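Trainee: Below is the structure I would like to discuss, written out as structure tokens.
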Amino acid sequence: MNENAQRGLQWRRLVGRYFSPRLGGVPRKWAAANAQVASRLFAEYETHFCADPGASWAVHRAIYEDAWLSGMCGAVGVALPADRAVRSGLSRDCDAFVTRRVRAAFPGAVQEIWNLHSAGYVLHTASGEASWELDGYLTGMGVRSCFVGLYGADQVDTAKASQLYYQRVFVHADVAPDDALVVDDSERALDWAADVGARTVLCHLDPPTNNRHLHVRRLADLSLLLTYWTATGTRECWVPSGPTAASDVAAAR
């Protein structure tokens, strides 16, 4: 639902706005530090969960948050708060501050979410991010009330890194995989969803490389596909939302 490059630039600026008055340092240094530290931590995240997709997301997240703030403080040249609980609180508060202020929605995405909601689809996100971050993004977009559940790797304690993620999400949501339609901009993620029995739609300018997935070029085109879907008797649908795969929502009729 959001364009990642645009969102990343806004994150850097907003991180500076948040931390500069609280911990010192100038905003531009915080922005540069966030770009540097986050890039390294994202790469470590991928390596960690590629090696062990079943590893606890919650355990890794606690380590990530502390490394993120300590790395930025070191780069900016300000003191790191000594109390770990204080550091954790600052990280979570920054998440809330930034995500509610990001404005990076793809053209037509907000209206399409309202279209799906108005048509009676029960929407959930299916993202690799934390549910509280998704809450912030969707609140900023003005569509939070359209969503019932926010998945949210924290909701199932596993990263969006294998079939296990979708298995746990469907169990948690009490949705049978063969009643689900998953929409994502990552064909790899859709392969995992298809492997556990879901139907899938690639939301990307380029078509899928295999015939397992249906295709829309943009989220705003999804209603046309769902009109066909409903006419053929399909009951459930899972669509896009936040990062890590750029966008991933879930819908159930």
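Naming scheme: A, B, ... for chains in displayed order of the structure tokens; residues 1 onward per chain; ligands 1 onward as shown.
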For stretch 131-148 of chain A, find every residue with an atom within 8 Å (counting only C-alpha atoms), except residues of its own chain fewer than 6 positions away, and show them as a list in words.

Mentor: Asp95, Ala96, Val98, Thr99, Arg100, Arg101, Val102, Arg103, Ala105, Val110, Ile113, Trp114, His117, Val122, Leu123, His124, Thr125, Asp154, Gln155, Ser241 and Gly242 of chain A

Trainee: Just the strand (DSSP E) stuff from stretch 42-245 of chain A, please, per backbone DSSP, written as a list in words.

Mentor: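 The strand (DSSP E) subset of stretch 42-245 of chain A is Val122, Leu123, His124, Thr125, Ala126, Phe147, Val148, Gly149, Leu150, Tyr151, Leu181, Val182, Val183, Asp184, Arg199, Thr200, Val201, Leu202, Cys203, Leu214, His215, Val216, Glu236 and Cys237 of chain A.
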
Trainee: Stretch 163-165 of chain A: which residues within 9 Å, counting only C-alpha atoms, same-chain residues fewer than 2 positions away excluded, as a list in words?

Mentor: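 Near stretch 163-165 of chain A, the qualifying residues are Pro53, Gly54, Gly128, Ala153, Val156, Asp157, Thr158, Ala159, Lys160, Ala161, Gln167, Arg168, Val169, Phe170, Ala189, Asp191, Trp192, Ala193, Ala194, Asp195 and Val196 of chain A.
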
Trainee: Just to be explicit: take each residue in the selection above, keep N, CA and C atoms, and write the result as a PDB file, in the first residue's frame.

Mentor:
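Writing the result to part.pdb gives the following:
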```
ATOM      1  N   PRO A  53      13.972 -19.748   9.725  1.00  0.00           N
ATOM      2  CA  PRO A  53      12.671 -19.079   9.606  1.00  0.00           C
ATOM      3  C   PRO A  53      11.781 -19.262  10.836  1.00  0.00           C
ATOM      4  N   GLY A  54      12.024 -20.308  11.612  1.00  0.00           N
ATOM      5  CA  GLY A  54      11.196 -20.563  12.781  1.00  0.00           C
ATOM      6  C   GLY A  54      11.687 -19.892  14.052  1.00  0.00           C
ATOM      7  N   GLY A 128       5.393  -8.282   7.315  1.00  0.00           N
ATOM      8  CA  GLY A 128       6.517  -8.677   8.143  1.00  0.00           C
ATOM      9  C   GLY A 128       6.806  -7.682   9.242  1.00  0.00           C
ATOM     10  N   ALA A 153       4.228  -9.553  12.396  1.00  0.00           N
ATOM     11  CA  ALA A 153       4.984 -10.742  12.781  1.00  0.00           C
ATOM     12  C   ALA A 153       4.913 -10.980  14.277  1.00  0.00           C
ATOM     13  N   VAL A 156       2.276 -13.607  15.519  1.00  0.00           N
ATOM     14  CA  VAL A 156       2.498 -15.048  15.337  1.00  0.00           C
ATOM     15  C   VAL A 156       3.927 -15.461  15.697  1.00  0.00           C
ATOM     16  N   ASP A 157       4.702 -14.515  16.219  1.00  0.00           N
ATOM     17  CA  ASP A 157       6.083 -14.729  16.658  1.00  0.00           C
ATOM     18  C   ASP A 157       6.948 -15.443  15.619  1.00  0.00           C
ATOM     19  N   THR A 158       6.772 -15.065  14.382  1.00  0.00           N
ATOM     20  CA  THR A 158       7.650 -15.584  13.338  1.00  0.00           C
ATOM     21  C   THR A 158       7.773 -14.555  12.228  1.00  0.00           C
ATOM     22  N   ALA A 159       8.949 -14.454  11.650  1.00  0.00           N
ATOM     23  CA  ALA A 159       9.155 -13.499  10.566  1.00  0.00           C
ATOM     24  C   ALA A 159       8.428 -13.945   9.308  1.00  0.00           C
ATOM     25  N   LYS A 160       8.187 -13.002   8.435  1.00  0.00           N
ATOM     26  CA  LYS A 160       7.604 -13.325   7.130  1.00  0.00           C
ATOM     27  C   LYS A 160       8.754 -13.815   6.248  1.00  0.00           C
ATOM     28  N   ALA A 161       9.120 -15.092   6.478  1.00  0.00           N
ATOM     29  CA  ALA A 161      10.327 -15.618   5.849  1.00  0.00           C
ATOM     30  C   ALA A 161      10.161 -17.036   5.327  1.00  0.00           C
ATOM     31  N   GLN A 167       1.095 -20.175   7.624  1.00  0.00           N
ATOM     32  CA  GLN A 167       0.428 -21.212   8.403  1.00  0.00           C
ATOM     33  C   GLN A 167      -0.080 -20.643   9.724  1.00  0.00           C
ATOM     34  N   ARG A 168       0.783 -19.907  10.401  1.00  0.00           N
ATOM     35  CA  ARG A 168       0.406 -19.353  11.703  1.00  0.00           C
ATOM     36  C   ARG A 168      -0.637 -18.248  11.579  1.00  0.00           C
ATOM     37  N   VAL A 169      -0.512 -17.428  10.554  1.00  0.00           N
ATOM     38  CA  VAL A 169      -1.483 -16.345  10.356  1.00  0.00           C
ATOM     39  C   VAL A 169      -2.875 -16.914  10.108  1.00  0.00           C
ATOM     40  N   PHE A 170      -2.986 -17.912   9.239  1.00  0.00           N
ATOM     41  CA  PHE A 170      -4.299 -18.474   8.944  1.00  0.00           C
ATOM     42  C   PHE A 170      -4.906 -19.151  10.173  1.00  0.00           C
ATOM     43  N   ALA A 189       7.038 -14.408  -1.498  1.00  0.00           N
ATOM     44  CA  ALA A 189       6.059 -14.516  -0.425  1.00  0.00           C
ATOM     45  C   ALA A 189       4.796 -15.221  -0.904  1.00  0.00           C
ATOM     46  N   ASP A 191       4.611 -17.466  -3.214  1.00  0.00           N
ATOM     47  CA  ASP A 191       4.912 -18.897  -3.322  1.00  0.00           C
ATOM     48  C   ASP A 191       4.708 -19.587  -1.979  1.00  0.00           C
ATOM     49  N   TRP A 192       5.140 -18.934  -0.897  1.00  0.00           N
ATOM     50  CA  TRP A 192       4.945 -19.520   0.440  1.00  0.00           C
ATOM     51  C   TRP A 192       3.456 -19.645   0.747  1.00  0.00           C
ATOM     52  N   ALA A 193       2.684 -18.598   0.436  1.00  0.00           N
ATOM     53  CA  ALA A 193       1.246 -18.638   0.701  1.00  0.00           C
ATOM     54  C   ALA A 193       0.568 -19.717  -0.137  1.00  0.00           C
ATOM     55  N   ALA A 194       0.954 -19.827  -1.398  1.00  0.00           N
ATOM     56  CA  ALA A 194       0.381 -20.856  -2.267  1.00  0.00           C
ATOM     57  C   ALA A 194       0.744 -22.250  -1.796  1.00  0.00           C
ATOM     58  N   ASP A 195       1.947 -22.401  -1.255  1.00  0.00           N
ATOM     59  CA  ASP A 195       2.390 -23.709  -0.766  1.00  0.00           C
ATOM     60  C   ASP A 195       1.521 -24.237   0.372  1.00  0.00           C
ATOM     61  N   VAL A 196       0.910 -23.329   1.137  1.00  0.00           N
ATOM     62  CA  VAL A 196       0.060 -23.789   2.242  1.00  0.00           C
ATOM     63  C   VAL A 196      -1.409 -23.838   1.840  1.00  0.00           C
TER      64      VAL A 196
END
```

Trainee: Rank nothing, just name the residue among A:Tyr18, A:Phe49, A:Trp57, A:Trp11 nearest to A:Ala35, using only C-alpha atoms.

Mentor: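 Smallest separation from A:Ala35 among the options: A:Trp11.
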
Trainee: At what distance in Å, to one decimal, does atom CA of A:Arg28 lie from atom CA of A:Gly71?

Mentor: 15.4 Å

Trainee: Ranking A:Gly8, A:Gly152, A:Gly197, A:Gly25 by minimum distance to A:Ala176 and counting only C-alpha atoms, which one comes first?

Mentor: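 Of the candidates, the smallest distance to A:Ala176 is held by A:Gly197.
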
Trainee: Enter the distance from atom CA of A:Pro27 to atom CA of A:Arg13, in Å, rounded to one decimal.

Mentor: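 One can read the atom CA of A:Pro27 to atom CA of A:Arg13 distance as 7.2 Å.
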